[in-house]
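Dumped model01.cif below, it's mmCIF, C-alpha atoms:
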data_target
loop_
_atom_site.label_atom_id
_atom_site.label_comp_id
_atom_site.auth_asym_id
_atom_site.auth_seq_id
_atom_site.Cartn_x
_atom_site.Cartn_y
_atom_site.Cartn_z
CA MET G 4 -65.83 49.23 3.49
CA HIS G 5 -62.24 49.80 4.64
CA LEU G 6 -61.87 49.91 8.46
CA LEU G 7 -58.43 50.32 10.05
CA GLY G 8 -56.75 48.86 6.99
CA ILE G 9 -59.08 45.86 6.52
CA ASP G 10 -61.98 45.53 4.06
CA ILE G 11 -65.25 44.34 5.63
CA ASP G 12 -67.76 42.65 3.31
CA THR G 13 -71.28 44.05 3.25
CA LEU G 14 -73.22 41.07 1.92
CA LYS G 15 -76.77 40.55 3.11
CA ARG G 16 -77.24 37.42 5.18
CA THR G 17 -79.07 35.66 2.34
CA GLU G 18 -76.27 36.58 -0.10
CA LEU G 19 -73.61 35.29 2.27
CA LEU G 20 -75.39 31.99 2.85
CA GLY G 21 -75.95 31.59 -0.88
CA ARG G 22 -72.25 32.02 -1.53
CA VAL G 23 -71.33 29.51 1.19
CA GLU G 24 -73.77 26.98 -0.23
CA ARG G 25 -72.23 27.37 -3.70
CA TRP G 26 -68.76 26.82 -2.23
CA LEU G 27 -69.95 23.58 -0.68
CA SER G 28 -72.09 22.20 -3.49
CA GLU G 29 -70.79 23.63 -6.77
CA GLU G 30 -67.27 25.01 -6.45
CA SER G 31 -64.06 23.23 -5.59
CA GLY G 32 -61.09 24.71 -3.80
CA PHE G 33 -60.40 26.25 -0.41
CA HIS G 34 -62.40 29.17 1.00
CA ARG G 35 -62.05 30.89 4.36
CA ILE G 36 -64.52 32.99 6.33
CA ALA G 37 -63.25 35.41 8.99
CA THR G 38 -65.80 36.75 11.46
CA VAL G 39 -64.25 40.10 12.31
CA ASN G 40 -64.85 42.05 15.52
CA PRO G 41 -63.31 45.36 16.68
CA GLU G 42 -60.62 43.58 18.69
CA PHE G 43 -59.47 41.85 15.50
CA LEU G 44 -59.01 45.17 13.73
CA LEU G 45 -57.12 46.72 16.65
CA LEU G 46 -54.83 43.69 16.92
CA ALA G 47 -54.23 43.66 13.17
CA ARG G 48 -52.72 47.14 13.42
CA GLU G 49 -49.95 45.71 15.62
CA ASP G 50 -49.54 42.19 14.20
CA ALA G 51 -48.47 42.07 10.53
CA LEU G 52 -48.98 38.30 10.12
CA PHE G 53 -52.47 38.52 11.57
CA ARG G 54 -53.25 41.49 9.31
CA GLN G 55 -52.11 39.52 6.28
CA SER G 56 -54.24 36.54 7.26
CA LEU G 57 -57.34 38.72 7.64
CA ALA G 58 -56.72 40.36 4.28
CA ALA G 59 -56.36 36.93 2.65
CA ALA G 60 -59.78 35.65 3.83
CA ASP G 61 -62.38 35.10 1.11
CA LEU G 62 -65.04 36.73 3.29
CA ARG G 63 -64.63 39.11 6.22
CA ILE G 64 -67.94 39.33 8.03
CA ALA G 65 -68.94 41.89 10.66
CA ASP G 66 -69.10 40.18 14.04
CA GLY G 67 -69.32 42.83 16.72
CA PHE G 68 -71.68 45.72 17.33
CA GLY G 69 -68.73 48.14 17.33
CA ILE G 70 -68.26 47.46 13.61
CA VAL G 71 -71.94 48.18 12.96
CA LEU G 72 -71.53 51.51 14.79
CA ALA G 73 -68.39 52.31 12.78
CA PHE G 74 -70.30 51.78 9.55
CA ARG G 75 -73.11 54.03 10.76
CA PHE G 76 -70.56 56.70 11.64
CA ARG G 77 -69.32 56.50 8.04
CA GLY G 78 -72.89 56.81 6.75
CA ALA G 79 -73.09 53.16 5.67
CA ARG G 80 -74.79 50.00 6.85
CA VAL G 81 -73.61 46.46 7.43
CA GLU G 82 -75.50 43.42 8.66
CA ARG G 83 -73.90 41.83 11.69
CA PHE G 84 -73.53 38.07 11.40
CA PRO G 85 -71.97 36.50 14.53
CA GLY G 86 -69.65 33.55 14.17
CA ALA G 87 -72.04 31.37 16.19
CA ASP G 88 -74.80 32.01 13.63
CA ILE G 89 -72.53 31.32 10.64
CA MET G 90 -71.36 28.11 12.28
CA GLU G 91 -74.93 27.00 12.87
CA ALA G 92 -75.88 27.69 9.24
CA LEU G 93 -72.75 25.93 7.99
CA LEU G 94 -73.47 22.85 10.09
CA GLU G 95 -77.05 22.73 8.77
CA MET G 96 -75.70 22.77 5.20
CA ALA G 97 -73.12 20.13 6.04
CA ASN G 98 -75.77 17.90 7.53
CA THR G 99 -78.06 18.29 4.50
CA GLN G 100 -75.25 17.60 2.03
CA HIS G 101 -73.70 14.78 4.10
CA LEU G 102 -70.40 16.63 4.50
CA SER G 103 -67.82 16.06 7.20
CA VAL G 104 -66.37 18.45 9.80
CA PHE G 105 -62.98 18.65 11.53
CA LEU G 106 -62.89 20.53 14.86
CA ALA G 107 -59.58 22.14 15.82
CA VAL G 108 -60.40 22.87 19.47
CA ARG G 109 -58.11 25.00 21.62
CA GLU G 110 -56.28 22.81 24.11
CA GLY G 111 -56.95 24.02 27.65
CA GLY G 112 -60.05 25.99 26.65
CA LEU G 113 -63.44 25.89 28.33
CA SER G 114 -64.72 23.06 26.12
CA THR G 115 -62.79 19.98 25.04
CA TYR G 116 -62.98 18.40 21.61
CA GLU G 117 -64.95 15.43 22.98
CA GLU G 118 -67.48 17.77 24.61
CA VAL G 119 -67.95 19.77 21.40
CA ARG G 120 -68.25 16.63 19.29
CA SER G 121 -70.80 15.16 21.69
CA ALA G 122 -72.88 18.38 21.60
CA MET G 123 -72.83 18.45 17.79
CA LEU G 124 -73.79 14.79 17.49
CA LYS G 125 -76.85 15.36 19.68
CA LYS G 126 -78.14 17.73 17.00
CA TYR G 127 -76.63 16.00 13.97
CA PRO G 128 -76.33 12.31 14.92
CA ASP G 129 -75.34 11.14 11.43
CA MET G 130 -72.65 13.76 10.76
CA ALA G 131 -69.04 12.66 10.34
CA ILE G 132 -67.14 14.70 12.93
CA GLY G 133 -63.48 14.42 13.74
CA GLY G 134 -60.95 16.62 15.45
CA ALA G 135 -58.58 17.08 18.33
CA ASP G 136 -57.59 19.28 21.24
CA ILE G 137 -54.79 21.31 19.68
CA ASP G 138 -52.13 23.53 21.19
CA PRO G 139 -52.18 26.69 18.99
CA ARG G 140 -48.44 27.10 19.51
CA ARG G 141 -47.78 23.70 17.96
CA ALA G 142 -50.26 24.38 15.18
CA SER G 143 -48.51 27.64 14.31
CA ILE G 144 -45.31 25.68 13.71
CA ASP G 145 -46.92 22.89 11.71
CA GLY G 146 -50.51 23.45 10.61
CA ASN G 147 -50.73 19.81 9.54
CA ALA G 148 -49.34 18.42 12.79
CA TYR G 149 -52.60 16.53 13.31
CA GLY G 150 -52.82 15.21 9.74
CA ILE G 151 -55.77 17.44 8.88
CA ARG G 152 -54.79 17.80 5.21
CA ASP G 153 -54.64 14.02 4.90
CA THR G 154 -58.19 13.45 6.14
CA LYS G 155 -61.49 13.29 4.29
CA TYR G 156 -63.03 16.32 6.00
CA ASP G 157 -64.81 19.03 4.00
CA ILE G 158 -65.10 21.76 6.66
CA LEU G 159 -62.51 22.95 9.18
CA ILE G 160 -63.65 24.86 12.28
CA SER G 161 -61.28 26.37 14.84
CA ASN G 162 -61.85 28.23 18.12
CA PHE G 163 -58.25 29.25 18.90
CA GLY G 164 -59.19 32.94 19.05
CA ALA G 165 -57.22 35.82 17.58
CA PRO G 166 -54.67 35.86 16.16
CA GLU G 167 -53.93 32.13 16.21
CA GLN G 168 -57.10 30.78 14.59
CA GLU G 169 -56.91 32.99 11.50
CA ILE G 170 -53.21 32.35 10.94
CA PHE G 171 -53.76 28.61 11.47
CA LEU G 172 -56.71 28.41 9.08
CA GLU G 173 -55.00 30.47 6.38
CA SER G 174 -52.03 28.07 6.47
CA PHE G 175 -54.22 25.49 4.67
CA ARG G 176 -54.80 27.63 1.57
CA ALA G 177 -51.79 26.39 -0.41
CA GLN G 178 -52.44 22.72 0.42
CA PRO G 179 -55.99 22.33 1.75
CA GLY G 180 -56.44 18.63 1.16
CA GLY G 181 -60.19 18.10 0.96
CA ILE G 182 -61.13 21.19 2.97
CA ARG G 183 -63.53 23.48 1.15
CA ILE G 184 -64.45 25.92 3.90
CA ALA G 185 -62.47 27.01 6.97
CA LEU G 186 -64.14 29.05 9.69
CA GLY G 187 -62.87 30.62 12.90
CA VAL G 188 -65.55 30.77 15.58
CA GLY G 189 -63.92 32.04 18.78
CA GLY G 190 -66.20 31.28 21.72
CA ALA G 191 -69.07 29.83 19.67
CA LEU G 192 -68.14 26.24 20.59
CA ASP G 193 -68.60 27.12 24.26
CA TYR G 194 -72.17 28.21 23.50
CA LEU G 195 -72.72 24.83 21.85
CA THR G 196 -71.50 22.88 24.88
CA GLY G 197 -73.31 25.16 27.34
CA ARG G 198 -70.07 26.28 29.01
CA ILE G 199 -71.15 29.86 28.28
CA ALA G 200 -74.78 30.96 28.02
CA ARG G 201 -75.47 33.03 24.92
CA ALA G 202 -77.53 36.21 25.17
CA PRO G 203 -81.30 35.84 24.66
CA ARG G 204 -82.55 36.42 21.10
CA ALA G 205 -84.01 39.81 21.97
CA TRP G 206 -80.59 41.01 23.20
CA GLN G 207 -78.96 39.63 20.05
CA ARG G 208 -81.40 41.47 17.77
CA LEU G 209 -80.69 44.74 19.59
CA GLY G 210 -76.94 44.25 19.28
CA LEU G 211 -76.53 43.95 23.05
CA GLU G 212 -74.71 40.64 23.28
CA TRP G 213 -71.66 42.58 24.51
CA LEU G 214 -73.69 43.94 27.45
CA TRP G 215 -75.05 40.48 28.29
CA ARG G 216 -71.51 39.06 28.39
CA LEU G 217 -70.29 42.00 30.48
CA ILE G 218 -73.03 41.42 33.05
CA ARG G 219 -72.18 37.72 33.27
CA GLN G 220 -68.40 38.19 32.95
CA PRO G 221 -67.39 41.55 34.50
CA GLN G 222 -63.74 40.66 33.91
CA ARG G 223 -64.38 41.41 30.21
CA LEU G 224 -64.65 45.15 30.91
CA GLY G 225 -61.19 45.87 29.50
CA ARG G 226 -61.93 43.99 26.28
CA ILE G 227 -65.27 45.73 25.85
CA TRP G 228 -63.63 49.13 26.44
CA ASN G 229 -61.21 48.35 23.61
CA ALA G 230 -63.99 47.07 21.35
CA THR G 231 -66.10 50.20 21.80
CA VAL G 232 -64.33 53.34 22.99
CA VAL G 233 -60.80 52.65 21.73
CA PHE G 234 -61.98 51.13 18.45
CA LEU G 235 -64.42 53.93 17.61
CA TRP G 236 -61.78 56.55 18.47
CA ARG G 237 -59.41 54.86 16.01
CA VAL G 238 -62.13 54.86 13.35
CA ILE G 239 -62.79 58.57 13.92
CA ARG G 240 -59.08 59.34 13.67
CA GLU G 241 -58.82 57.29 10.48
CA LYS G 242 -61.68 59.25 8.89
CA GLU G 243 -60.10 62.57 9.91
CA LYS G 244 -56.84 61.57 8.21
CA THR G 245 -58.57 60.54 4.98
CA THR G 246 -60.56 63.79 4.79
CA ALA G 247 -57.72 66.11 5.79
#
So that I can check it, write out the structure of this file as C-alpha cells.
Amino acid sequence: MHLLGIDIDTLKRTELLGRVERWLSEESGFHRIATVNPEFLLLAREDALFRQSLAAADLRIADGFGIVLAFRFRGARVERFPGADIMEALLEMANTQHLSVFLAVREGGLSTYEEVRSAMLKKYPDMAIGGADIDPRRASIDGNAYGIRDTKYDILISNFGAPEQEIFLESFRAQPGGIRIALGVGGALDYLTGRIARAPRAWQRLGLEWLWRLIRQPQRLGRIWNATVVFLWRVIREKEKTTA
C-alpha cells in the first residue's frame, strides 16, 4: 500500500523470512531491507534523498504501530515486523549458514561497536563479526571510508537512524562487494547490549512498545506525537485528496 508517497510491503512474516533466506542461500547480488516507521514517512516528505533511498529498498517493512493503524484506516491489514525481530532472524540465518556480519555502529551512540560485537558473540560465538564505530557524516561523504566493500562480509547492519542509515546502506547498491543483505536497525543494537530494555512480549504483541518506551523515556513524547497524531492526520489528508 502507498502511504505518504512510499509503498509499504504487505508480506506475511513467513513470506518475508522465506525471501530473505533465498537472498542469502540461493540468489546473488545486493538486497536492502528498510524497516519503516511513521517518522520515516514524515521525514521522507521533506528530504528528497531520504525519500529516494526508501523507494529504492528491496523491501519496506512496517515497523511502527502507527503504520498498522494507517492500514486499518484504509481498510487493509499489514503485519508489523520490528527491526529488532528482523535482525534476530537474520542473525540466526547467518549463524546457520556460516555467514559473516559487518556492524556499522553510530559513533557516539549508546552502544559502541565493541559492546555490540561482544553481545552478539555471546549468542553466536562462532560467527565472523567485524565493524567499526562510524561517524555518519563521514560515511555520507564516502560510504566505503572503512573499506566495507573490500571485506568478506555477507551482511551489513547499521544503526545510524534516519535518514543517515538508509542513505548510507543504499550507497552500496552499485558496488556492494560481497554484501548480499543490508539492514538498518535503529535502536535494536541497544536492546542487544542491554543499554535499552525492550518492552515485554505481551506489550509487543499488543502493539504497545511505543507506550513502554514513553513510560521509560518521557523525553520521547514529541517523537511519539509525530508518529501517531501528526502521521495519522497526514494519512487522513492524503486519503481525502485521492478521493476528492
Might you pull out every residue within 10 Å of Phe163 (chain G), with all atoms listed in the file counted and same-chain residues fewer than 2 positions away left off, and present them as a VMD selection string? chain G and resid 107 to 110 112 137 to 139 160 to 161 165 to 172 187 to 190
What do you get, as number ranges by chain, if you spell out every residue that the PyMOL selection byres ((chain G and resi 176) around 12) selects here? G: 32-35, 56, 59-61, 146-147, 152, 159, 169-175, 177-185
Got a sec to resolve the PyMOL selection byres ((chain G and resi 237) around 12) on this structure and send the residues as number ranges by chain? G: 6-8, 41-42, 44-45, 48, 69-70, 73, 229-236, 238-244
Go through G:Arg77, G:Leu214, G:Leu102, G:Arg141 one by one, measure the shortest atom-to-atom distance of each to Lys155 (chain G) using only C-alpha atoms, and give the residue with the smallest value.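 For Lys155 (chain G), the nearest of the candidates is G:Leu102.
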Which residues, protein or nucleic acid, reach to within 7 Å of (-71.8, 34.3, 27.3) in the file's coordinates when using all atoms listed in the file, and can you give that as number ranges by chain? G: 199-202, 216, 219
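Here the question is which of G:Glu49, G:Asp129, G:Asp10, G:Asp193 gets nearest to Val104 (chain G) using all atoms listed in the file, and that residue is G:Asp129.
In this model, the gap between CA of Gly197 (chain G) and CA of Glu212 (chain G) comes to 16.1 Å.
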